[in-house]
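The file protein_15.txt contains compact mmCIF, C-alpha atoms:
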# COMPACT_ATOMS: atom_id res chain seq x y z
CA MET A 100 23.57 82.00 -89.71
CA ASP A 101 25.06 84.88 -91.69
CA TRP A 102 23.52 83.52 -94.89
CA LEU A 103 20.04 83.50 -93.33
CA LYS A 104 20.41 87.05 -92.04
CA GLN A 105 21.58 88.19 -95.48
CA TRP A 106 18.65 86.44 -97.18
CA LEU A 107 16.03 87.88 -94.82
CA PHE A 108 17.54 91.38 -94.73
CA PRO A 109 19.39 91.83 -98.04
CA GLN A 110 21.60 94.87 -98.47
CA ALA A 111 22.16 96.71 -101.71
CA CYS A 112 25.03 95.44 -103.87
CA LEU A 113 28.00 97.79 -103.55
CA LEU A 114 28.37 97.91 -107.34
CA CYS A 115 24.95 97.72 -108.99
CA ARG A 116 22.78 98.60 -105.95
CA SER A 117 20.47 95.63 -106.50
CA ALA A 118 19.49 93.43 -103.56
CA SER A 119 22.55 91.40 -102.57
CA HIS A 120 22.08 87.84 -101.31
CA THR A 121 25.74 87.11 -100.55
CA THR A 122 27.62 87.73 -97.32
CA LEU A 123 30.30 89.71 -99.20
CA GLY A 124 28.24 92.80 -100.00
CA LEU A 125 28.00 92.10 -103.73
CA CYS A 126 25.28 90.37 -105.69
CA ALA A 127 26.20 87.06 -107.32
CA PRO A 128 26.42 88.45 -110.92
CA CYS A 129 28.71 91.31 -109.90
CA LEU A 130 30.85 88.96 -107.83
CA ALA A 131 31.23 86.61 -110.79
CA GLU A 132 32.17 89.44 -113.17
CA LEU A 133 34.98 90.85 -111.07
CA PRO A 134 38.41 90.60 -112.76
CA TRP A 135 39.64 87.61 -110.74
CA HIS A 136 43.35 86.87 -111.06
CA ASP A 137 43.71 83.58 -112.92
CA GLN A 138 46.58 82.36 -110.73
CA HIS A 139 43.85 80.64 -108.71
CA ARG A 140 42.76 78.45 -111.60
CA ASP A 141 43.52 74.74 -111.63
CA THR A 142 46.32 75.53 -114.07
CA PRO A 143 47.79 78.89 -112.96
CA GLN A 144 48.99 81.24 -115.69
CA ALA A 145 51.05 83.57 -113.53
CA CYS A 146 54.53 83.83 -112.06
CA PRO A 147 54.33 82.36 -108.54
CA GLN A 148 56.80 84.94 -107.23
CA CYS A 149 55.33 88.22 -108.54
CA ALA A 150 51.92 87.16 -110.00
CA LEU A 151 52.54 88.61 -113.48
CA PRO A 152 51.13 86.53 -116.36
CA THR A 153 53.43 83.77 -117.60
CA ILE A 154 53.09 80.61 -119.64
CA ALA A 155 52.09 77.60 -117.55
CA GLY A 156 52.74 79.42 -114.28
CA GLN A 157 56.51 79.64 -114.73
CA ARG A 158 58.65 82.29 -113.05
CA CYS A 159 58.87 85.43 -115.15
CA GLY A 160 62.09 86.76 -116.65
CA ARG A 161 62.40 89.64 -114.21
CA CYS A 162 62.12 87.37 -111.17
CA LEU A 163 64.75 85.06 -112.67
CA GLN A 164 67.15 87.89 -113.49
CA GLN A 165 66.47 90.13 -110.49
CA PRO A 166 64.86 87.95 -107.79
CA PRO A 167 62.79 90.03 -105.37
CA ALA A 168 63.16 89.64 -101.62
CA PHE A 169 59.68 88.14 -101.30
CA ASP A 170 59.15 84.48 -102.17
CA VAL A 171 55.52 84.27 -103.32
CA THR A 172 52.73 86.63 -104.35
CA HIS A 173 49.01 85.89 -104.11
CA SER A 174 46.63 88.32 -105.82
CA LEU A 175 42.84 88.23 -105.78
CA PHE A 176 42.20 90.37 -108.83
CA GLN A 177 43.69 92.08 -111.84
CA TYR A 178 43.80 95.83 -111.32
CA THR A 179 41.18 96.71 -113.91
CA PHE A 180 37.65 98.12 -113.82
CA PRO A 181 35.59 97.86 -111.65
CA LEU A 182 38.32 96.99 -109.11
CA THR A 183 40.08 100.26 -109.87
CA ALA A 184 36.95 102.25 -109.01
CA MET A 185 36.23 100.16 -105.91
CA LEU A 186 39.73 100.58 -104.46
CA GLN A 187 39.90 104.28 -105.29
CA ARG A 188 36.55 104.76 -103.58
CA TYR A 189 37.85 102.84 -100.59
CA LYS A 190 41.15 104.71 -100.28
CA TYR A 191 40.20 108.25 -101.23
CA ALA A 192 36.48 108.47 -100.36
CA GLN A 193 36.82 106.53 -97.08
CA HIS A 194 34.30 103.88 -98.10
CA LEU A 195 35.45 101.67 -95.23
CA ALA A 196 32.64 99.14 -95.71
CA LEU A 197 34.82 97.62 -98.44
CA ALA A 198 37.58 96.63 -95.99
CA PRO A 199 35.84 93.66 -94.31
CA MET A 200 34.50 92.52 -97.68
CA LEU A 201 37.99 92.44 -99.20
CA GLY A 202 39.42 90.73 -96.13
CA GLN A 203 36.76 88.04 -96.33
CA MET A 204 37.44 87.53 -100.04
CA LEU A 205 41.13 86.96 -99.35
CA ALA A 206 40.31 84.52 -96.57
CA LYS A 207 37.79 82.57 -98.65
CA THR A 208 40.25 82.33 -101.54
CA TRP A 209 42.96 80.97 -99.25
CA TRP A 210 40.61 78.38 -97.75
CA ALA A 211 39.61 77.32 -101.27
CA HIS A 212 43.04 77.33 -102.93
CA GLY A 213 45.89 78.15 -100.58
CA ARG A 214 45.70 75.02 -98.45
CA ALA A 215 45.88 72.75 -101.49
CA ASP A 216 48.86 74.55 -102.99
CA SER A 217 51.51 72.17 -101.74
CA GLN A 218 54.21 73.73 -103.91
CA HIS A 219 53.91 77.23 -102.45
CA ALA A 220 52.07 76.75 -99.16
CA ILE A 221 53.96 78.20 -96.22
CA ALA A 222 52.27 76.56 -93.25
CA THR A 223 49.46 74.36 -92.03
CA PRO A 224 45.80 75.22 -92.63
CA GLN A 225 45.52 76.26 -88.98
CA LEU A 226 48.19 78.95 -89.26
CA PRO A 227 49.10 80.25 -92.74
CA ALA A 228 51.97 82.32 -91.31
CA ASP A 229 53.59 83.30 -88.04
CA CYS A 230 52.36 86.86 -88.50
CA LEU A 231 50.90 89.33 -90.99
CA ILE A 232 52.27 92.83 -91.53
CA PRO A 233 50.08 95.36 -93.38
CA MET A 234 51.95 97.83 -95.57
CA PRO A 235 52.96 100.68 -93.23
CA LEU A 236 52.04 104.27 -94.04
CA HIS A 237 54.23 107.19 -93.10
CA ARG A 238 52.64 109.26 -90.34
CA GLN A 239 52.23 112.19 -92.76
CA ARG A 240 50.26 110.07 -95.24
CA LEU A 241 48.27 108.52 -92.40
CA GLN A 242 47.24 111.95 -91.17
CA GLU A 243 46.18 112.96 -94.68
CA ARG A 244 44.13 109.81 -95.36
CA GLY A 245 42.89 109.18 -91.84
CA PHE A 246 43.38 105.40 -91.98
CA ASN A 247 45.71 102.71 -93.29
CA GLN A 248 43.81 100.88 -96.04
CA SER A 249 45.94 97.73 -95.73
CA LEU A 250 45.54 97.58 -91.96
CA GLU A 251 41.74 97.75 -92.16
CA ILE A 252 41.66 94.81 -94.59
CA ALA A 253 44.17 92.93 -92.43
CA ARG A 254 41.93 93.12 -89.36
CA THR A 255 39.29 90.94 -91.03
CA LEU A 256 41.77 88.64 -92.78
CA CYS A 257 43.72 87.91 -89.60
CA ARG A 258 40.56 87.19 -87.67
CA GLU A 259 39.27 84.83 -90.39
CA LEU A 260 42.54 82.90 -90.71
CA ASN A 261 43.74 83.17 -87.11
CA ILE A 262 46.97 84.93 -88.11
CA PRO A 263 48.66 87.22 -85.56
CA LEU A 264 48.40 90.81 -86.79
CA GLN A 265 51.59 92.87 -86.35
CA ALA A 266 50.50 96.37 -87.30
CA HIS A 267 53.46 98.17 -85.71
CA LEU A 268 56.31 95.71 -86.15
CA CYS A 269 57.65 97.66 -89.15
CA VAL A 270 57.50 101.40 -89.68
CA ARG A 271 57.87 103.67 -92.67
CA THR A 272 60.85 105.84 -91.84
CA ARG A 273 60.40 108.49 -94.52
CA ALA A 274 57.63 109.90 -96.67
CA THR A 275 58.49 108.72 -100.17
CA PRO A 276 57.20 110.59 -103.25
CA PRO A 277 54.21 109.01 -105.06
CA GLN A 278 55.26 105.94 -107.03
CA ALA A 279 52.61 106.08 -109.76
CA THR A 280 54.52 108.18 -112.32
CA LEU A 281 57.99 106.73 -111.73
CA PRO A 282 59.71 104.10 -113.94
CA TYR A 283 60.58 100.74 -112.42
CA ARG A 284 64.24 101.43 -111.55
CA GLN A 285 63.35 104.81 -110.06
CA ARG A 286 60.66 103.18 -107.92
CA LEU A 287 63.23 100.76 -106.51
CA LYS A 288 65.58 103.65 -105.72
CA ASN A 289 62.68 105.63 -104.27
CA MET A 290 61.89 102.87 -101.76
CA ARG A 291 65.46 102.12 -100.67
CA GLY A 292 65.68 102.28 -96.88
CA ALA A 293 62.05 103.38 -96.55
CA PHE A 294 61.23 100.83 -93.81
CA ALA A 295 62.65 99.80 -90.47
CA CYS A 296 62.06 96.76 -88.29
CA ASN A 297 63.68 96.83 -84.86
CA THR A 298 62.31 93.49 -83.67
CA SER A 299 63.95 90.12 -84.30
CA MET A 300 61.94 87.95 -86.70
CA THR A 301 64.33 85.02 -86.71
CA GLY A 302 62.84 81.96 -88.40
CA GLN A 303 59.41 83.51 -88.93
CA ARG A 304 57.15 83.07 -91.94
CA VAL A 305 55.57 86.40 -92.79
CA ILE A 306 52.70 87.66 -94.92
CA LEU A 307 52.90 91.23 -96.20
CA LEU A 308 49.51 92.69 -97.10
CA ASP A 309 48.90 95.56 -99.53
CA ASP A 310 45.93 96.70 -101.55
CA VAL A 311 47.59 97.06 -104.98
CA MET A 312 50.85 95.69 -106.36
CA THR A 313 52.20 97.57 -109.37
CA THR A 314 55.94 96.99 -109.80
CA GLY A 315 56.31 95.44 -106.36
CA ALA A 316 58.95 98.01 -105.34
CA SER A 317 57.29 98.88 -102.03
CA LEU A 318 56.62 95.27 -101.11
CA ASN A 319 60.15 94.32 -102.12
CA ALA A 320 61.63 97.00 -99.86
CA LEU A 321 59.45 95.85 -96.98
CA ALA A 322 60.38 92.21 -97.64
CA GLN A 323 64.08 93.13 -97.60
CA CYS A 324 63.57 94.80 -94.23
CA VAL A 325 61.72 91.80 -92.80
CA LYS A 326 64.27 89.31 -94.07
CA ALA A 327 67.11 91.44 -92.70
CA ALA A 328 65.38 91.03 -89.33
CA GLY A 329 65.57 87.24 -89.71
CA ALA A 330 62.38 86.15 -91.49
CA THR A 331 62.90 83.00 -93.56
CA HIS A 332 59.88 83.14 -95.87
CA VAL A 333 57.90 86.18 -97.04
CA GLU A 334 54.68 86.17 -99.04
CA CYS A 335 52.88 89.15 -100.54
CA TRP A 336 49.09 89.04 -100.40
CA VAL A 337 47.43 91.78 -102.44
CA ILE A 338 43.91 92.65 -103.46
CA ALA A 339 44.87 93.51 -107.03
CA ARG A 340 47.89 93.19 -109.32
CA THR A 341 48.56 95.46 -112.27
CA PHE A 342 49.69 93.67 -115.42
CA THR A 343 51.62 96.63 -116.83
CA THR A 344 54.75 97.80 -115.06
Target format structure tokens, applied to this file:
Amino acid sequence: MDWLKQWLFPQACLLCRSASHTTLGLCAPCLAELPWHDQHRDTPQACPQCALPTIAGQRCGRCLQQPPAFDVTHSLFQYTFPLTAMLQRYKYAQHLALAPMLGQMLAKTWWAHGRADSQHAIATPQLPADCLIPMPLHRQRLQERGFNQSLEIARTLCRELNIPLQAHLCVRTRATPPQATLPYRQRLKNMRGAFACNTSMTGQRVILLDDVMTTGASLNALAQCVKAAGATHVECWVIARTFTT
């Protein structure tokens, strides 16, 4: 009955402020105009491992030459406007109403596309993974921001897909400098040994959730940590993927 409630009591679209008649908090035109990642098309045009654009969905050169620790990446959007503004508003202005919306979008996309992806699917439709780990924040960054943006999205996603949420399975052991201005190799060095996982994950299939994937250095470091603990398959699920690294 969510659709009926939304139709009778429409809320303003989070982008254009017009009356929204969808359950996602956006009006239909704004939802359609978001920069959706085209890896979810019938013929994907992105590397299945890191989600960068490639011809005919082949693995990119970097993943072939320097394979990351994670096996697959799923991205909802390209990291361009208005996604950039939405995520910055969410992270730095504490617009937490975006978290359940983004979690629902990820869930709906998986129900529509993930189950049918026999080449890269990691489990049955009832349980996409054994657990989901949101990108950990160092306690210093958590105190500054007041919340973990990945964890808030994960709460909705895990509930929608019935995935066990493991918010404290891995920890960030040190406060790394901001990644944004660093070149790719420096980002990898910056993240070396940044995570710890003291629980056995032998044989588990794991989803790592983050809001934005730029070079993938943070997710790669976390995937290395999880696989060192025994995980056999690791997927990255992100809200947005930058196309310039």
*asked:* So that I can check the surroundings of segment 292-299 of chain A, please list as a ChimeraX atom specification every protein, DNA and RNA residue that reaches within 9 Å of it, counting all atoms listed in the file and ignoring chain neighbours fewer than 4 positions away.
replied: /A:235,268-275,288,317,320-321,324-325,327-330
*Mind pulling up the distance from atom CA of Gly302 of chain A to atom CA of Ala339 of chain A?*
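Computing it gives 28.3 Å between the two atoms.
Computed from the coordinates, the atom CA of Leu151 of chain A to atom CA of Phe342 of chain A distance equals 6.1 Å.
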Dig up all the protein and nucleic acid residues within 9 Å of (45.7, 87.5, -94.2) in the file frame, using all atoms listed in the file, and format them as a compact mmCIF listing (two decimals) with C-alpha atoms, keeping the file's coordinate frame.
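Produced file result11.txt, reproduced below:
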# COMPACT_ATOMS: atom_id res chain seq x y z
CA GLY A 202 39.42 90.73 -96.13
CA LEU A 205 41.13 86.96 -99.35
CA ALA A 206 40.31 84.52 -96.57
CA TRP A 209 42.96 80.97 -99.25
CA PRO A 227 49.10 80.25 -92.74
CA ALA A 228 51.97 82.32 -91.31
CA CYS A 230 52.36 86.86 -88.50
CA LEU A 231 50.90 89.33 -90.99
CA ILE A 232 52.27 92.83 -91.53
CA ILE A 252 41.66 94.81 -94.59
CA ALA A 253 44.17 92.93 -92.43
CA ARG A 254 41.93 93.12 -89.36
CA THR A 255 39.29 90.94 -91.03
CA LEU A 256 41.77 88.64 -92.78
CA CYS A 257 43.72 87.91 -89.60
CA ARG A 258 40.56 87.19 -87.67
CA GLU A 259 39.27 84.83 -90.39
CA LEU A 260 42.54 82.90 -90.71
CA ASN A 261 43.74 83.17 -87.11
CA ILE A 262 46.97 84.93 -88.11
CA LEU A 264 48.40 90.81 -86.79
CA ILE A 306 52.70 87.66 -94.92
CA LEU A 307 52.90 91.23 -96.20
CA LEU A 308 49.51 92.69 -97.10
CA TRP A 336 49.09 89.04 -100.40
*asked:* Report, in Å to a single decimal, how far apart atom CA of Ser174 of chain A and atom CA of Ser117 of chain A are.
replied: 27.2 Å
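Minimum atom-to-atom distance to Pro128 of chain A, evaluated using only C-alpha atoms, belongs to A:Cys115 out of A:Cys115, A:Leu182, A:Ala168, A:Val333.
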*Residues at most 10 Å from Gln177 of chain A, counting all atoms listed in the file, excluding those fewer than 3 positions away in the same chain, as a PyMOL selection string?*
chain A and resi 133-137+150-151+174+180-183+311-312+338-342
*Residue among A:His173, A:Lys190, A:His267, A:Lys207 lying closest to Arg240 of chain A, counting only C-alpha atoms*: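 Nearest to Arg240 of chain A: A:Lys190.
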*Counting only C-alpha atoms, the option among A:Asp170, A:Glu251, A:Asp229, A:Glu243 closest to Asp310 of chain A*: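 Of the candidates, the smallest distance to Asp310 of chain A is held by A:Glu251.
Of the residues listed (A:Thr153, A:Gln203, A:Thr179, A:Gln303), A:Gln203 shows the shortest atom-to-atom separation from Leu123 of chain A; distances use only C-alpha atoms.
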*asked:* At a cut-off of 8 Å, using only C-alpha atoms, what residues contact Gln148 of chain A? Leave out same-chain residues fewer than 6 positions from it and give the result as a list of chain:residue names.
replied: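 The filter keeps A:Arg158, A:Cys162, A:Phe169, A:Asp170, A:Val171, A:Thr172.
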Could those residues be written to a file, using C-alpha atoms, as a short mmCIF file (atom, residue, chain, number, x, y, z; two decimals), in the coordinates of the input?
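Below you can see result_25.cif, which holds the result:
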data_model
loop_
_atom_site.label_atom_id
_atom_site.label_comp_id
_atom_site.auth_asym_id
_atom_site.auth_seq_id
_atom_site.Cartn_x
_atom_site.Cartn_y
_atom_site.Cartn_z
CA ARG A 158 58.65 82.29 -113.05
CA CYS A 162 62.12 87.37 -111.17
CA PHE A 169 59.68 88.14 -101.30
CA ASP A 170 59.15 84.48 -102.17
CA VAL A 171 55.52 84.27 -103.32
CA THR A 172 52.73 86.63 -104.35
#
